[in-house]
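Remarks on the structure that follows.
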Amino acid sequence: MNTHIVLSAINISADYILDSKRGLYLNAIDNVSIDFRSDEVIGIAGESGSGKSTLVKILYGAAFPPLIIRKGKVYLFTKDNSKIDITSITREELRKNIWWKHISYIPQNAMNVLNPVKKVKDQFIEVFKYHDERIDAKETITKIKELFMRLGLPIEALNAYPHQLSGGMRQRVVIALSLLFNPRIVIADEPTTAVDVVTQLGILNLLKDWQRNSKTTLIMVSHDMSVHAYMDDRIVVMYAGNVVEVGSKNDIFENPMHPYTKLLIASLIKKGEKKLKTGIAGEPPNLLNPPPGCRFHPRCPFAMDICRREAPPIVELSDGKVVRCWLYARK
Amino acid sequence: MKLHSVKSLLSYIAKRFALMIIMIWVGLTLSFIISRLLPFNAADYLVSQLAAAGSQLSAQDLENMRRQLLSLYGLDKPLFVQYLDFLRNYFVGNMGPSFAYFPTPVRDIIINALPWSIVLLMSASIINWIIGNVIGVLAAISKKRNVVAVLENFALVTVPIPYAVLGLAFLIVYALVLKLPLTMYGRPVAVGVSLGYILSMFERALVPLLGLVIVGWTGSFLYMKNLAVRMMQEDFIVYKILQGAKDRHVTGMVFRNALIPQYTGLILGLTRVFAGSMLVEYLFNYPGIGLILRSAISSGDFNLMVGIVSISVIAVAIATFILDLTYPLLDPRIRYPGAG
């Protein structure tokens with residue numbers, strides 16, 4: 001495979017400060033390492049509160065208080081193969097040269113992210129300004145029109161105000177915005193949660209076509225396993241701030257390793273199945289005071305003694321599969 | 001499409017205009033009714049003044065005089081006829097004569113006093129609005145927590161205190177503690193539309209203006225700060241930050257979006273100018289319309305009273321009309337009601 005690592009998270013741990021005087025911290029991300037490769041769609045799956053959005057905030061370099069990074073690094077590999085640590089460079093550098101040019105972001109709530117008092121066109125022009133792209137007005141418009149054409153968006157939308165567009169159109173405009181400078185990495189944080197399934201398919205196709213054509217990295221965050229089944233090449237499964245399993249889409253769906261992934265996949269409704277589905281017993285742990293050892297052990301049907309005492313190691317199996325579970329640890 | 005939008009624009013304006021006319025009519029009628037609800041009238045007042053002065057006139061003479069004054073003022077006619085006369089006169093811009101300063105027309109009295117109130121109160125409103133809003137936005141995004149806390153506490157303490165107390169406190173500090181020059185007694189300048197006269201107005205307005213501004217900006221400051229703090233968490237602001245917007249772009253955008261509600265406050269605040277401010281003018285011995293209104297009420301001068309109130313009513317109605325016309329310029333969501 002002719003791909004290379006574009007973004008690499010190494011041993012990230014991060015907390016939300018709730019009350020620093022009383023020492024109340026919510027451990028949202030615990031020891032997460034993932035490599036993101038060029039030309040792939042990598043999905044981050046997990047339930048609400050599992051740390052998906054927090055993780056991508058950190059990957060994007062937007063870890064603002066109350067979120068603090070305890071340890072770990074995020075390296076961005078640029079086209080000329082230099083290595084930039086996103087967690088330690090200045091805001092100004094990040095803002096001007098990294099965001100939108102190397103790595104861009106499609107936010108969770110695209111319905112409300114466009115400035116209501118500016119035309120769509122002007123919101124594109126503003127982004128040029130933020131990054132000191134000095135090109136003349138006419139050229140800018142041509143560039144934006146090209147982008148709209150390539151993504152199959154109606155040019156008229158450019159002269160509209162956000163409130164005049166439908167929800168699906170607004171979402172597409174936001175996607176177009178994020179692709180403005182042809183970034184090598186795009187993070188899509190629940191891009192289809194707010195729209196109906198028909199629009200959802202259109203938006204997913206838009207993203208997928210763009211990714212296939214440009215051979216870039218698309219990081220898809222979603223709690224919806226059907227979105228992952230449709231989009232992803234690789235899937236990262238998160239549970240309570242941990243990455244519990246990483247594997248190719250087929251491996252995750254056909255041959256899940258981690259007990260959580262197994263139960264998750266078993267709970268999905270399959271075509272033609274008439275059996276009543278059961279959820280996973282219990283509730284996700286309170287991250288203010290996570291359970292000792294493996295965070296999944298209170299709900300895990302395979303829990304052993306060691307699971308209650310020690311955090312499981314990160315086990316790398318063949319074909320880039322990673323699972324964090326004592327069941328697969330060689331002792 | 002184009003024609004349709006022009007047509008809808010015209011019908012929008014016509015509707016708002018009709019609304020404005022109705023508002024003025026209701027306001028005038030109410031002020032007419034309220035003035036007639038006073039338990040005494042100008043004739044009673046004048047006669048009682050005469051009697052109190054211990055004049056030699058008999059009770060019969062006083063009663064005759066009262067009757068004559070009533071017919072002179074037109075107050076002997078039935079109330080309904082008075083009302084119709086009143087409406088007709090207002091329609092042609094005639095506010096009738098003042099009773100207390102008979103036969104000086106009310107219009108002349110108002111024209112003499114109104115510019116004073118406008119100079120003072122309008123500058124105060126505009127300055128307060130600008131200072132309050134700018135500091136409000138800056139406070140919302142500032143990282144200097146201590147400075148912001150001082151400003152905010154000052155504002156929170158002063159906002160609920162009535163101006164009678166604050167104004168007096170200001171005067172005491174200004175004149176007795178700091179012993180600064182009092183410019184509000186003015187110097188003799190010929191009345192008229194001359195630069196010297198206008199300058200002398202500002203000179204007299206200086207101290208009361210200072211007194212109004214020192215504590216007056218806090219209201220719009222608090223409001224703007226809360227608005228801006230909430231706006232900083234709006235999805236579209238956060239998204240702009242993640243797009244790589246510079247800080248000044250973010251500030252500008254917060255300001256632009258928060259301006260929409262604040263603009264209403266400014267325009268409606270400006271209309272208060274036309275009623276003058278009895279308190280401020282009394283406190284600073286400033287010859288504005290508020291003082292005139294006070295004397296009109298105490299002497300039962302219906303025409304002058306209604307005249308001053310009607311100016312205010314008309315100002316509010318026109319300001320609302322202007323707001324309705326200019327709001328769409330400020331907010332595209334009103335300009336182009338869309339699918340959204």
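We label chains A, B, ... in the order they appear in the structure tokens, count residues from 1 in each chain, and number ligands from 1 in the order shown.
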May I ask you to extract the residues of chain B within 9 Å of chain A, using only C-alpha atoms, and to give them as a PyMOL selection string? chain B and resi 234-246+249+253+256-257+330-333+336-340
With 9 Å as the cut-off and only C-alpha atoms counted, what is the closest atom pair between each nearby residue of range 209-318 of chain A and range 11-30 of chain A? Distances in Å to one decimal, ordered by chain and number, as a tab-separated table.
residue	atom	partner	partner_atom	distance
A:Ala240	CA	A:Ala28	CA	7.3
A:Gly241	CA	A:Ile29	CA	4.2
A:Asn242	CA	A:Asp30	CA	5.5
A:Val243	CA	A:Asp30	CA	8.2
A:Asn286	CA	A:Leu26	CA	8.6
A:Leu287	CA	A:Leu26	CA	5.5
A:Leu288	CA	A:Leu26	CA	4.5
A:Asn289	CA	A:Leu26	CA	7.7
A:Pro290	CA	A:Asn27	CA	7.9
Got time to write the residues from that selection, C-alpha atoms, as a short mmCIF file (atom, residue, chain, number, x, y, z; two decimals), in the first residue's frame?
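Written file, out.cif:
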data_model
loop_
_atom_site.label_atom_id
_atom_site.label_comp_id
_atom_site.auth_asym_id
_atom_site.auth_seq_id
_atom_site.Cartn_x
_atom_site.Cartn_y
_atom_site.Cartn_z
CA ALA A 240 -15.21 5.75 28.20
CA GLY A 241 -12.20 7.69 26.98
CA ASN A 242 -10.29 4.62 25.83
CA VAL A 243 -9.67 3.35 22.35
CA ASN A 286 -18.65 8.00 35.63
CA LEU A 287 -15.43 9.50 34.32
CA LEU A 288 -15.01 11.65 37.41
CA ASN A 289 -14.10 8.45 39.15
CA PRO A 290 -13.47 5.79 36.52
#
Looking only at alpha helix (DSSP H) from DSSP on the backbone, list the matching residues of range 47-290 of chain B as a PyMOL selection string. chain B and resi 47-52+59-73+79-91+106-117+123-141+145-158+163-171+195-216+218-232+235-243+247-271+278-283+289-290
Got a sec: who's within 7 Å of Val195 in chain A, counting only C-alpha atoms, leaving out chain neighbours fewer than 4 positions off, as a ChimeraX atom specification? /A:167-168,199-200
What does the file look like for those residues with N, CA and C atoms, as a PDB file, in the first residue's frame?
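And here is the file that came out, selection.pdb:
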ATOM      1  N   GLY A 167     -31.606  22.880   5.523  1.00  0.00           N
ATOM      2  CA  GLY A 167     -30.614  22.304   6.417  1.00  0.00           C
ATOM      3  C   GLY A 167     -29.543  21.513   5.673  1.00  0.00           C
ATOM      4  N   GLY A 168     -29.980  20.703   4.715  1.00  0.00           N
ATOM      5  CA  GLY A 168     -29.028  19.897   3.959  1.00  0.00           C
ATOM      6  C   GLY A 168     -28.083  20.763   3.147  1.00  0.00           C
ATOM      7  N   THR A 199     -31.097  13.147   2.970  1.00  0.00           N
ATOM      8  CA  THR A 199     -30.045  14.160   2.907  1.00  0.00           C
ATOM      9  C   THR A 199     -28.727  13.574   3.397  1.00  0.00           C
ATOM     10  N   GLN A 200     -28.833  12.729   4.410  1.00  0.00           N
ATOM     11  CA  GLN A 200     -27.646  12.096   4.991  1.00  0.00           C
ATOM     12  C   GLN A 200     -26.867  11.339   3.915  1.00  0.00           C
TER      13      GLN A 200
END
Best match for closeness to Pro284 in chain A among A:Val173, A:Cys300, A:Met149, A:Val6, counting only C-alpha atoms: A:Cys300
Which residue, B:Val250, B:Ala317, B:Lys7, B:Ile111, has the smallest gap to Gln233 in chain B when you use only C-alpha atoms?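 Ranking B:Val250, B:Ala317, B:Lys7, B:Ile111 by distance to Gln233 in chain B, first place goes to B:Val250.
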Hey, can you check how far CA of Thr90 in chain A sits from CA of Val174 in chain A? 26.0 Å
Mind checking which residues fall within 12 Å of Tyr260 in chain A, counting only C-alpha atoms, ignoring those fewer than 5 positions away in the same chain, and posting them as a ChimeraX atom specification? /A:45-47,237-240,242-245,252,265-267,279-281,284,294-303,323-325
For a test of reading the model, state the distance in Å between CA of Ala140 in chain B and CA of Gly265 in chain B, rounded to one decimal. 19.4 Å
Can you tell me how far CA of Val150 in chain B sits from CA of Met231 in chain B, in Å to one decimal?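 Going from CA of Val150 in chain B over to CA of Met231 in chain B covers 22.0 Å.
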